[in-house]
file query05.cif (mmCIF, C-alpha atoms and all ligand atoms)
data_work
#
loop_
_atom_site.label_atom_id
_atom_site.label_comp_id
_atom_site.auth_asym_id
_atom_site.auth_seq_id
_atom_site.Cartn_x
_atom_site.Cartn_y
_atom_site.Cartn_z
CA MET G 544 -148.57 32.57 71.39
CA ASP G 545 -145.63 34.78 72.41
CA ARG G 546 -144.42 35.72 75.90
CA ASP G 547 -146.41 38.93 76.22
CA SER G 548 -149.65 37.29 75.06
CA LEU G 549 -149.23 34.45 77.55
CA LEU G 550 -148.53 36.78 80.46
CA ALA G 551 -151.50 38.97 79.50
CA ARG G 552 -153.74 35.89 79.37
CA VAL G 553 -152.56 34.69 82.76
CA ARG G 554 -152.94 38.14 84.34
CA SER G 555 -156.53 38.32 83.12
CA LYS G 556 -157.10 34.74 84.40
CA GLU G 557 -158.09 33.53 80.95
CA ARG G 558 -157.71 29.79 80.71
CA LEU G 559 -155.62 28.11 78.00
CA SER G 560 -157.27 25.65 75.64
CA GLU G 561 -155.71 22.24 75.08
CA ALA G 562 -154.39 23.36 71.67
CA GLU G 563 -152.92 26.54 73.16
CA GLY G 564 -151.37 24.51 75.97
CA LEU G 565 -149.76 22.17 73.49
CA ALA G 566 -148.37 25.13 71.53
CA ILE G 567 -146.84 26.94 74.50
CA TYR G 568 -145.45 23.70 75.94
CA SER G 569 -143.56 23.16 72.69
CA ASP G 570 -142.69 26.74 71.77
CA LEU G 571 -142.10 28.97 74.78
CA ASP G 572 -138.88 29.07 76.77
CA THR G 573 -138.72 27.85 80.35
CA ALA G 574 -138.11 31.33 81.79
CA THR G 575 -141.38 32.56 80.29
CA LEU G 576 -143.28 29.54 81.60
CA ALA G 577 -141.75 30.16 85.05
CA GLU G 578 -142.82 33.80 84.98
CA ALA G 579 -146.39 32.83 84.07
CA ALA G 580 -146.36 30.02 86.66
CA THR G 581 -145.35 32.46 89.39
CA LEU G 582 -148.32 34.68 88.50
CA VAL G 583 -150.70 31.72 88.89
CA ARG G 584 -149.00 30.66 92.15
CA GLU G 585 -149.52 34.14 93.59
CA ARG G 586 -153.28 33.86 93.07
CA TYR G 587 -153.41 31.10 95.65
CA SER G 588 -150.73 31.67 98.26
CA ASP G 589 -148.61 34.37 99.89
CA PRO G 590 -145.71 35.02 97.49
CA ARG G 591 -143.26 35.41 100.40
CA ILE G 592 -144.06 32.06 102.06
CA VAL G 593 -143.14 28.46 101.26
CA THR G 594 -144.75 25.72 103.32
CA TYR G 595 -143.78 22.19 104.35
CA LEU G 596 -145.33 19.33 106.29
CA VAL G 597 -143.73 17.16 108.98
CA ASP G 598 -144.96 13.70 108.12
CA ARG G 599 -143.91 10.13 107.56
CA ASN G 600 -144.47 7.78 104.67
CA VAL G 601 -145.13 4.27 105.86
CA ASN G 602 -145.19 1.56 103.21
CA TYR G 603 -147.29 -1.01 105.06
CA THR G 604 -146.77 -3.80 102.50
CA ASN G 605 -144.67 -4.32 99.39
CA VAL G 606 -146.76 -7.24 98.15
CA CYS G 607 -148.44 -6.47 94.84
CA ILE G 608 -150.08 -8.32 91.99
CA THR G 609 -150.20 -5.45 89.51
CA ASP G 610 -146.71 -5.72 87.95
CA CYS G 611 -146.25 -2.13 86.77
CA LYS G 612 -143.28 -2.16 84.44
CA PHE G 613 -141.51 0.76 86.13
CA CYS G 614 -141.91 -0.48 89.74
CA GLU G 615 -138.86 -1.60 91.73
CA PHE G 616 -140.71 -1.53 95.04
CA TYR G 617 -143.12 -4.43 94.87
CA ARG G 618 -142.65 -8.15 95.40
CA PRO G 619 -145.13 -10.80 94.26
CA PRO G 620 -147.04 -12.78 96.90
CA GLY G 621 -144.84 -15.44 98.51
CA HIS G 622 -141.55 -13.75 97.51
CA ALA G 623 -138.77 -14.07 100.09
CA GLU G 624 -138.47 -10.27 100.35
CA SER G 625 -142.20 -9.58 100.65
CA TYR G 626 -143.52 -8.06 103.88
CA VAL G 627 -146.51 -6.70 105.74
CA LEU G 628 -145.48 -4.41 108.59
CA THR G 629 -146.28 -5.66 112.08
CA ARG G 630 -148.11 -3.45 114.56
CA THR G 631 -144.88 -3.29 116.58
CA ASP G 632 -142.97 -1.84 113.62
CA MET G 633 -145.82 0.49 112.78
CA HIS G 634 -146.03 1.70 116.39
CA ARG G 635 -142.32 2.46 116.51
CA LYS G 636 -142.44 4.42 113.26
CA LEU G 637 -145.46 6.48 114.29
CA ALA G 638 -144.08 7.15 117.78
CA GLU G 639 -140.90 8.49 116.14
CA LEU G 640 -143.05 10.73 113.96
CA VAL G 641 -144.96 12.14 116.93
CA ALA G 642 -141.67 12.70 118.77
CA VAL G 643 -140.41 15.05 116.03
CA GLY G 644 -143.67 17.03 115.92
CA GLY G 645 -145.18 15.19 112.96
CA THR G 646 -148.82 15.78 112.13
CA ARG G 647 -149.59 13.43 109.27
CA VAL G 648 -148.96 9.80 108.42
CA LEU G 649 -149.17 8.66 104.82
CA LEU G 650 -149.80 4.94 104.45
CA GLN G 651 -149.20 3.44 101.05
CA GLY G 652 -148.52 -0.05 99.81
CA GLY G 653 -148.95 -2.52 97.00
CA HIS G 654 -152.08 -4.31 95.87
CA ASN G 655 -151.84 -7.14 98.37
CA PRO G 656 -154.52 -9.78 97.74
CA ASP G 657 -154.31 -11.07 101.32
CA LEU G 658 -155.27 -7.76 102.94
CA ARG G 659 -159.03 -7.37 102.93
CA LEU G 660 -161.13 -4.34 103.81
CA ARG G 661 -161.30 -5.53 107.42
CA TYR G 662 -157.48 -5.24 107.69
CA TYR G 663 -157.59 -1.56 106.76
CA GLU G 664 -160.54 -0.81 109.02
CA GLU G 665 -158.81 -2.36 112.02
CA LEU G 666 -155.47 -0.72 111.19
CA PHE G 667 -157.00 2.74 110.77
CA ARG G 668 -158.97 2.44 114.03
CA TRP G 669 -155.86 1.28 115.86
CA ILE G 670 -153.81 4.23 114.54
CA GLY G 671 -156.57 6.64 115.57
CA ALA G 672 -156.64 5.17 119.09
CA GLU G 673 -152.85 5.02 119.55
CA PHE G 674 -151.94 8.28 117.81
CA PRO G 675 -154.95 10.59 117.99
CA THR G 676 -152.93 13.68 117.01
CA LEU G 677 -151.89 12.25 113.63
CA GLU G 678 -153.98 12.88 110.55
CA LEU G 679 -154.34 9.68 108.54
CA ASP G 680 -153.97 9.95 104.79
CA ALA G 681 -153.75 6.58 103.15
CA LEU G 682 -153.88 4.42 100.06
CA SER G 683 -154.37 5.83 96.57
CA PRO G 684 -157.16 5.49 94.02
CA SER G 685 -155.59 2.30 92.70
CA GLU G 686 -155.44 0.72 96.18
CA VAL G 687 -159.06 1.73 96.80
CA GLU G 688 -160.10 0.13 93.51
CA HIS G 689 -158.09 -2.98 94.35
CA ILE G 690 -159.93 -3.36 97.68
CA ALA G 691 -163.30 -2.78 95.98
CA LEU G 692 -162.55 -5.50 93.41
CA LEU G 693 -161.39 -7.94 96.11
CA GLU G 694 -164.52 -7.36 98.15
CA GLY G 695 -166.97 -7.11 95.26
CA MET G 696 -168.07 -3.74 96.63
CA SER G 697 -168.62 -0.35 95.04
CA LEU G 698 -165.91 2.33 95.27
CA GLU G 699 -168.32 4.50 97.27
CA ALA G 700 -168.98 1.79 99.84
CA VAL G 701 -165.26 1.09 100.32
CA VAL G 702 -164.44 4.79 100.77
CA ASP G 703 -167.31 5.17 103.25
CA ARG G 704 -166.10 2.23 105.33
CA LEU G 705 -162.54 3.60 105.34
CA VAL G 706 -163.70 7.09 106.31
CA ALA G 707 -165.75 5.59 109.16
CA SER G 708 -162.52 3.94 110.35
CA GLY G 709 -160.52 7.17 110.42
CA LEU G 710 -159.32 7.89 106.87
CA ARG G 711 -158.99 11.65 106.29
CA GLY G 712 -157.24 11.83 102.96
CA ILE G 713 -156.38 9.93 99.78
CA PRO G 714 -153.11 10.99 98.14
CA GLY G 715 -152.90 11.01 94.38
CA GLY G 716 -150.56 8.07 93.88
CA GLY G 717 -150.93 5.79 90.91
CA GLY G 718 -151.83 8.69 88.64
CA GLU G 719 -148.69 8.52 86.50
CA ILE G 720 -149.96 9.71 83.11
CA LEU G 721 -153.77 9.77 83.20
CA ASP G 722 -154.14 8.64 79.63
CA ASP G 723 -155.22 5.06 78.98
CA GLU G 724 -153.03 4.65 75.90
CA ILE G 725 -149.94 5.22 78.04
CA ARG G 726 -151.31 3.29 81.01
CA ALA G 727 -151.89 0.26 78.80
CA ARG G 728 -148.19 0.34 77.90
CA VAL G 729 -146.60 0.87 81.30
CA SER G 730 -149.08 -0.48 83.84
CA PRO G 731 -151.72 -2.49 81.96
CA LYS G 732 -153.23 -4.06 85.10
CA LYS G 733 -153.51 -0.82 87.03
CA ILE G 734 -156.49 1.47 87.51
CA LYS G 735 -157.68 3.30 84.37
CA THR G 736 -158.15 7.05 84.11
CA ALA G 737 -161.92 7.19 84.62
CA ALA G 738 -161.82 5.05 87.77
CA TRP G 739 -158.87 7.05 89.20
CA LEU G 740 -160.84 10.24 88.74
CA ARG G 741 -164.01 8.61 90.10
CA VAL G 742 -162.30 7.62 93.37
CA MET G 743 -161.10 11.19 93.76
CA GLU G 744 -164.56 12.58 93.02
CA ILE G 745 -165.98 10.34 95.75
CA ALA G 746 -163.27 11.61 98.09
CA HIS G 747 -164.07 15.22 97.20
CA GLU G 748 -167.74 14.67 97.93
CA ARG G 749 -166.74 13.38 101.38
CA ARG G 750 -164.38 16.35 101.86
CA LEU G 751 -161.24 14.26 102.17
CA TYR G 752 -157.79 15.70 101.53
CA THR G 753 -156.61 14.70 98.06
CA SER G 754 -153.68 15.49 95.83
CA ALA G 755 -152.95 14.69 92.19
CA SER G 756 -149.59 13.34 91.18
CA GLN G 757 -148.09 12.87 87.76
CA VAL G 758 -145.05 10.86 86.76
CA PHE G 759 -143.85 11.74 83.27
CA GLY G 760 -141.17 10.43 80.96
CA PHE G 761 -142.58 7.00 80.04
CA GLY G 762 -141.94 7.83 76.42
CA GLU G 763 -145.24 9.63 76.03
CA GLU G 764 -145.71 12.55 73.63
CA PRO G 765 -146.64 16.06 74.85
CA ILE G 766 -150.25 15.44 73.79
CA HIS G 767 -150.51 12.57 76.30
CA ARG G 768 -149.30 14.86 79.09
CA LEU G 769 -151.78 17.49 77.98
CA ARG G 770 -154.63 15.00 77.97
CA ALA G 771 -153.70 13.93 81.49
CA LEU G 772 -153.63 17.53 82.70
CA GLU G 773 -156.89 18.25 80.95
CA ALA G 774 -158.51 15.26 82.71
CA LEU G 775 -157.36 16.63 86.08
CA ARG G 776 -158.42 20.19 85.30
CA ALA G 777 -161.88 19.08 84.19
CA GLN G 778 -162.30 16.88 87.27
CA GLN G 779 -161.28 19.76 89.49
CA ASP G 780 -163.85 22.00 87.80
CA ARG G 781 -166.55 19.37 88.36
CA SER G 782 -165.62 18.76 91.98
CA LEU G 783 -165.41 22.44 92.85
CA ALA G 784 -168.75 23.12 91.17
CA ARG G 785 -170.53 20.19 92.83
CA PHE G 786 -168.89 20.00 96.25
CA GLY G 787 -166.94 23.23 96.68
CA HIS G 788 -163.93 21.00 97.34
CA GLY G 789 -161.32 19.34 95.19
CA PHE G 790 -157.63 18.52 94.87
CA MET G 791 -155.54 20.53 97.31
CA ALA G 792 -152.22 19.96 95.59
CA PHE G 793 -150.43 18.78 92.47
CA ILE G 794 -147.00 17.18 92.33
CA ALA G 795 -145.06 15.92 89.32
CA TRP G 796 -141.71 14.25 88.78
CA PRO G 797 -139.95 12.41 85.98
CA LEU G 798 -139.75 8.64 85.88
CA GLN G 799 -136.68 7.66 87.88
CA TYR G 800 -134.89 6.43 84.82
CA GLU G 801 -132.65 3.41 84.88
CA SER G 802 -130.73 2.15 81.88
CA ARG G 803 -132.45 -1.23 82.09
CA TYR G 804 -135.73 0.51 81.22
CA GLY G 805 -134.62 0.44 77.59
CA GLU G 806 -135.26 -3.28 77.78
CA VAL G 807 -138.29 -3.17 80.07
CA PHE G 808 -140.05 -0.68 77.84
CA GLY G 809 -138.94 -2.51 74.73
CA LYS G 810 -141.95 -1.39 72.74
CA MET G 811 -141.00 2.23 73.27
CA LYS G 812 -137.46 2.08 71.94
CA GLY G 813 -136.28 5.46 70.77
CA TRP G 814 -138.67 7.39 73.02
CA LYS G 815 -137.20 9.63 75.67
CA LEU G 816 -137.53 8.11 79.14
CA GLY G 817 -137.27 9.96 82.44
CA GLY G 818 -136.23 13.60 82.50
CA ASP G 819 -133.46 15.83 83.87
CA ALA G 820 -133.69 18.89 86.10
CA GLU G 821 -134.39 21.21 83.17
CA ASP G 822 -137.15 18.93 81.85
CA TYR G 823 -138.67 18.85 85.33
CA LEU G 824 -138.58 22.61 85.91
CA ARG G 825 -140.06 23.31 82.50
CA HIS G 826 -142.78 20.72 83.03
CA ILE G 827 -143.77 21.87 86.51
CA ALA G 828 -143.95 25.50 85.38
CA PHE G 829 -146.13 24.54 82.43
CA CYS G 830 -148.41 22.44 84.65
CA ARG G 831 -148.89 25.39 87.03
CA VAL G 832 -150.01 27.57 84.13
CA TYR G 833 -152.30 24.97 82.59
CA LEU G 834 -153.75 23.54 85.82
CA ASP G 835 -155.06 26.89 86.93
CA ASN G 836 -157.59 25.52 89.41
CA ILE G 837 -155.41 23.52 91.85
CA PRO G 838 -154.20 25.77 94.66
CA HIS G 839 -150.90 24.24 95.76
CA PHE G 840 -147.95 22.80 93.86
CA GLN G 841 -145.35 20.73 95.67
CA ALA G 842 -141.70 20.68 94.64
CA SER G 843 -140.55 17.08 94.36
CA TRP G 844 -137.31 17.04 96.37
CA PRO G 845 -137.45 13.23 96.91
CA THR G 846 -136.91 12.67 93.21
CA MET G 847 -135.09 15.84 92.10
CA GLY G 848 -133.00 16.68 95.17
CA LEU G 849 -133.10 19.74 97.41
CA GLU G 850 -131.22 22.06 95.06
CA VAL G 851 -133.64 21.53 92.17
CA ALA G 852 -136.59 21.72 94.59
CA GLY G 853 -135.36 25.17 95.60
CA ARG G 854 -135.37 26.21 91.93
CA ALA G 855 -138.87 24.76 91.53
CA LEU G 856 -140.06 27.39 94.02
CA HIS G 857 -139.43 29.89 91.22
CA HIS G 858 -141.28 27.72 88.70
CA GLY G 859 -144.73 27.80 90.30
CA CYS G 860 -144.30 25.63 93.41
CA ASP G 861 -145.33 27.09 96.77
CA ASP G 862 -144.69 24.05 98.95
CA LEU G 863 -141.96 21.52 99.68
CA GLY G 864 -144.27 18.64 100.58
CA GLY G 865 -143.50 16.46 103.56
CA THR G 866 -140.34 15.46 105.40
CA MET G 867 -141.41 11.82 104.83
CA MET G 868 -138.82 10.34 107.27
CA GLU G 869 -138.65 7.34 104.99
CA GLU G 870 -139.70 6.53 101.49
CA ASN G 871 -139.33 3.24 99.73
CA VAL G 872 -141.15 3.49 96.42
CA VAL G 873 -139.29 6.16 94.45
CA SER G 874 -136.06 5.47 96.36
CA GLN G 875 -136.06 1.87 95.14
CA ALA G 876 -136.61 3.16 91.63
CA GLY G 877 -133.28 4.96 91.73
CA SER G 878 -133.91 8.19 93.62
CA VAL G 879 -131.33 8.86 96.34
CA HIS G 880 -133.20 11.62 98.18
CA ALA G 881 -135.39 9.46 100.42
CA CYS G 882 -136.03 11.83 103.33
CA ALA G 883 -135.11 15.27 104.67
CA PRO G 884 -135.43 16.76 108.16
CA ALA G 885 -137.58 19.86 108.51
CA GLU G 886 -134.43 21.98 108.96
CA SER G 887 -133.28 21.02 105.45
CA LEU G 888 -136.59 22.08 103.94
CA VAL G 889 -136.46 25.37 105.85
CA ARG G 890 -132.95 25.92 104.52
CA VAL G 891 -134.06 25.24 100.94
CA ALA G 892 -136.93 27.72 101.21
CA LYS G 893 -134.72 30.40 102.74
CA SER G 894 -131.92 29.92 100.22
CA ALA G 895 -134.49 30.43 97.47
CA GLY G 896 -135.54 33.72 99.07
CA PHE G 897 -138.71 32.67 100.90
CA GLU G 898 -139.89 32.42 104.49
CA ALA G 899 -140.65 28.84 105.53
CA ARG G 900 -143.72 27.80 107.45
CA GLN G 901 -144.76 24.41 108.80
CA ARG G 902 -148.32 23.49 107.79
CA ASP G 903 -150.76 20.68 108.37
CA SER G 904 -152.10 18.58 105.50
CA TRP G 905 -154.86 21.15 104.92
CA TYR G 906 -152.27 23.89 104.39
CA ARG G 907 -153.12 25.57 107.68
CA SER G 908 -150.10 27.23 109.23
CA LEU G 909 -148.64 25.47 112.28
CA SER G 910 -145.54 27.50 112.99
CA PRO G 911 -144.32 31.03 113.10
CA THR G 912 -142.39 31.94 109.99
CA ALA G 913 -138.80 30.64 109.92
S1 LIG J 1001 -146.52 0.89 91.25
FE1 LIG J 1001 -147.94 0.27 92.89
S2 LIG J 1001 -149.50 -0.94 91.81
FE2 LIG J 1001 -147.72 -0.83 90.43
S3 LIG J 1001 -146.50 -2.69 90.87
FE3 LIG J 1001 -145.70 -1.01 92.17
S4 LIG J 1001 -146.77 -1.22 94.12
FE4 LIG J 1001 -147.93 -2.38 92.59
#
call {"tool": "encode", "arguments": {"input": "query05.cif", "output": "structure tokens"}}
result
Amino acid sequence: MDRDSLLARVRSKERLSEAEGLAIYSDLDTATLAEAATLVRERYSDPRIVTYLVDRNVNYTNVCITDCKFCEFYRPPGHAESYVLTRTDMHRKLAELVAVGGTRVLLQGGHNPDLRLRYYEELFRWIGAEFPTLELDALSPSEVEHIALLEGMSLEAVVDRLVASGLRGIPGGGGEILDDEIRARVSPKKIKTAAWLRVMEIAHERRLYTSASQVFGFGEEPIHRLRALEALRAQQDRSLARFGHGFMAFIAWPLQYESRYGEVFGKMKGWKLGGDAEDYLRHIAFCRVYLDNIPHFQASWPTMGLEVAGRALHHGCDDLGGTMMEENVVSQAGSVHACAPAESLVRVAKSAGFEARQRDSWYRSLSPTA
């Protein structure tokens, strides 16, 4: 398919098949993908506006038993550097968030076998009582599955108990590449594709906020990326048809490559790991074209930096995600861009030629245009 055919297809909102997606991902230049991605972006959001969220990531525990090969963040149970945040620490962090006008807290952690469902219920209720203005998005499909396995409960029952305690959203962490062949290589103990999608479907039915994230560059082939995108696109179709509600946003970034990964991923020697700015921009533009049913795309400044995030706004992204205030998972995997004040995100949007607007986690505008 050439440039003109692709742009004509996108303008007429004709969806690409998996085979067509594979062909354009390999054959078309990045500028063409960016042009097509911008057309899809403009279906869903005002082309003049870029949004951002004032939020905080709180990693409540780094204890994990899942041993993903790419993870620098976790510590096994009993390790000297393992932690579970105290309520005092949590209170200080959330009070700081409220003080800067934050509207959302994102709680994520490892698969800690000592934290049972009751821990999360009490924590979520406490946050709701202490900080009633904060929206609580927490965990990820893999953490939900971990709790369900610990408790011997169904995924539905766990989600229902968490929602009753104040959960309003489940971010799309742990997605990496949603293809079980790749998952078996890089995170063999972690949630499989069908269960990841099932948790999200349960969340959609309960009208929770959800996003889908993708980490690429584990040495997978383009077909694995396509399969992962196809799984998300099909799930979004199902959720929208059944519940009128689905993923609000998609975010992708390359594996934060470290030279030692050559050893860690020994079985994949010779495969390309991670990705540079050009790989990222090409990939995000392609994803925007292929994933034509997810309304918002976030530029990943925590992994790519603010300059590349600004360029991503011309490759299909309409949003700069959250300020985060702190981030420990990707930063410990080698990323140096752990947090940015709202002013920096506004500056990025403006430098790229857009007006910036603060939003809440449901993409409702909270501020006059900056
Ligand atoms: S990526 Fe998540 S599940 Fe995997 S080892 Fe790290 S904390 Fe555990």
call {"tool": "atom_distance", "arguments": {"input": "query05.cif", "atom1": "CA of Leu682 in chain G", "atom2": "CA of Thr609 in chain G"}}
result
14.9 Å
call {"tool": "residues_near_ligand", "arguments": {"input": "query05.cif", "ligand": "ligand LIG 1001 (chain J)", "cutoff": "12 Å", "atoms": "all atoms listed in the file", "output": "ChimeraX atom specification"}}
result
/G:602-620,625,651-656,682-689,715-719,726,729-735,758,798,871-873,875-876
call {"tool": "residues_around", "arguments": {"input": "query05.cif", "residues": "Leu849 in chain G", "least_positions_apart": "6", "cutoff": "9 Å", "atoms": "only C-alpha atoms", "output": "ChimeraX atom specification"}}
result
/G:843,880,883,887-888,891
call {"tool": "atom_distance", "arguments": {"input": "query05.cif", "atom1": "CA of Val742 in chain G", "atom2": "CA of Leu640 in chain G"}}
result
28.4 Å
call {"tool": "residues_around", "arguments": {"input": "query05.cif", "residues": "range 814-827 of chain G", "least_positions_apart": "6", "cutoff": "8 Å", "atoms": "only C-alpha atoms", "output": "list in words"}}
result
Thr573, Leu576, Ala577, Phe759, Gly760, Phe761, Gly762, Glu763, Ala795, Trp796, Pro797, Leu798, Gln799, Tyr800, Met847, Val851, Arg854, Ala855, His858, Gly859 and Cys860 of chain G
call {"tool": "write_last_selection", "arguments": {"input": "query05.cif", "atoms": "C-alpha atoms", "output": "PDB file, in the frame of the given file"}}
result
ATOM      1  CA  THR G 573    -138.720  27.850  80.350  1.00  0.00           C
ATOM      2  CA  LEU G 576    -143.280  29.540  81.600  1.00  0.00           C
ATOM      3  CA  ALA G 577    -141.750  30.160  85.050  1.00  0.00           C
ATOM      4  CA  PHE G 759    -143.850  11.740  83.270  1.00  0.00           C
ATOM      5  CA  GLY G 760    -141.170  10.430  80.960  1.00  0.00           C
ATOM      6  CA  PHE G 761    -142.580   7.000  80.040  1.00  0.00           C
ATOM      7  CA  GLY G 762    -141.940   7.830  76.420  1.00  0.00           C
ATOM      8  CA  GLU G 763    -145.240   9.630  76.030  1.00  0.00           C
ATOM      9  CA  ALA G 795    -145.060  15.920  89.320  1.00  0.00           C
ATOM     10  CA  TRP G 796    -141.710  14.250  88.780  1.00  0.00           C
ATOM     11  CA  PRO G 797    -139.950  12.410  85.980  1.00  0.00           C
ATOM     12  CA  LEU G 798    -139.750   8.640  85.880  1.00  0.00           C
ATOM     13  CA  GLN G 799    -136.680   7.660  87.880  1.00  0.00           C
ATOM     14  CA  TYR G 800    -134.890   6.430  84.820  1.00  0.00           C
ATOM     15  CA  MET G 847    -135.090  15.840  92.100  1.00  0.00           C
ATOM     16  CA  VAL G 851    -133.640  21.530  92.170  1.00  0.00           C
ATOM     17  CA  ARG G 854    -135.370  26.210  91.930  1.00  0.00           C
ATOM     18  CA  ALA G 855    -138.870  24.760  91.530  1.00  0.00           C
ATOM     19  CA  HIS G 858    -141.280  27.720  88.700  1.00  0.00           C
ATOM     20  CA  GLY G 859    -144.730  27.800  90.300  1.00  0.00           C
ATOM     21  CA  CYS G 860    -144.300  25.630  93.410  1.00  0.00           C
TER      22      CYS G 860
END
call {"tool": "closest_residue", "arguments": {"input": "query05.cif", "among": "G:Glu724, G:Asp572, G:Glu678, G:Asp632", "to": "Val601 in chain G", "atoms": "all atoms listed in the file"}}
result
G:Asp632
call {"tool": "residues_around", "arguments": {"input": "query05.cif", "residues": "range 583-593 of chain G", "least_positions_apart": "4", "cutoff": "10 Å", "atoms": "only C-alpha atoms", "output": "PyMOL selection string"}}
result
chain G and resi 553-554+556+577-579+828+831-841+856-864+888-889+891-893+895-902+912-913
call {"tool": "atom_distance", "arguments": {"input": "query05.cif", "atom1": "CA of Ser894 in chain G", "atom2": "CA of Thr646 in chain G"}}
result
25.0 Å
call {"tool": "closest_residue", "arguments": {"input": "query05.cif", "among": "G:Ala691, G:Ala784, G:Ala774, G:Val702", "to": "Arg749 in chain G", "atoms": "all atoms listed in the file"}}
result
G:Val702
call {"tool": "residues_around", "arguments": {"input": "query05.cif", "residues": "range 705-708 of chain G", "least_positions_apart": "6", "cutoff": "10 Å", "atoms": "all atoms listed in the file", "output": "short mmCIF file (atom, residue, chain, number, x, y, z; two decimals) with C-alpha atoms, in the coordinates of the input"}}
result
data_model
loop_
_atom_site.label_atom_id
_atom_site.label_comp_id
_atom_site.auth_asym_id
_atom_site.auth_seq_id
_atom_site.Cartn_x
_atom_site.Cartn_y
_atom_site.Cartn_z
CA LEU G 660 -161.13 -4.34 103.81
CA ARG G 661 -161.30 -5.53 107.42
CA TYR G 663 -157.59 -1.56 106.76
CA GLU G 664 -160.54 -0.81 109.02
CA GLU G 665 -158.81 -2.36 112.02
CA LEU G 666 -155.47 -0.72 111.19
CA PHE G 667 -157.00 2.74 110.77
CA ARG G 668 -158.97 2.44 114.03
CA TRP G 669 -155.86 1.28 115.86
CA ILE G 670 -153.81 4.23 114.54
CA GLY G 671 -156.57 6.64 115.57
CA LEU G 679 -154.34 9.68 108.54
CA ALA G 681 -153.75 6.58 103.15
CA VAL G 687 -159.06 1.73 96.80
CA GLU G 699 -168.32 4.50 97.27
CA ALA G 746 -163.27 11.61 98.09
CA ARG G 749 -166.74 13.38 101.38
CA LEU G 751 -161.24 14.26 102.17
#
call {"tool": "closest_residue", "arguments": {"input": "query05.cif", "among": "G:Met868, G:Cys830, G:Ala755, G:Val597", "to": "Asp903 in chain G", "atoms": "only C-alpha atoms"}}
result
G:Val597
call {"tool": "residues_around", "arguments": {"input": "query05.cif", "residues": "Asp680 in chain G", "least_positions_apart": "5", "cutoff": "7 Å", "atoms": "all atoms listed in the file", "output": "PyMOL selection string"}}
result
chain G and resi 648-650+710-714
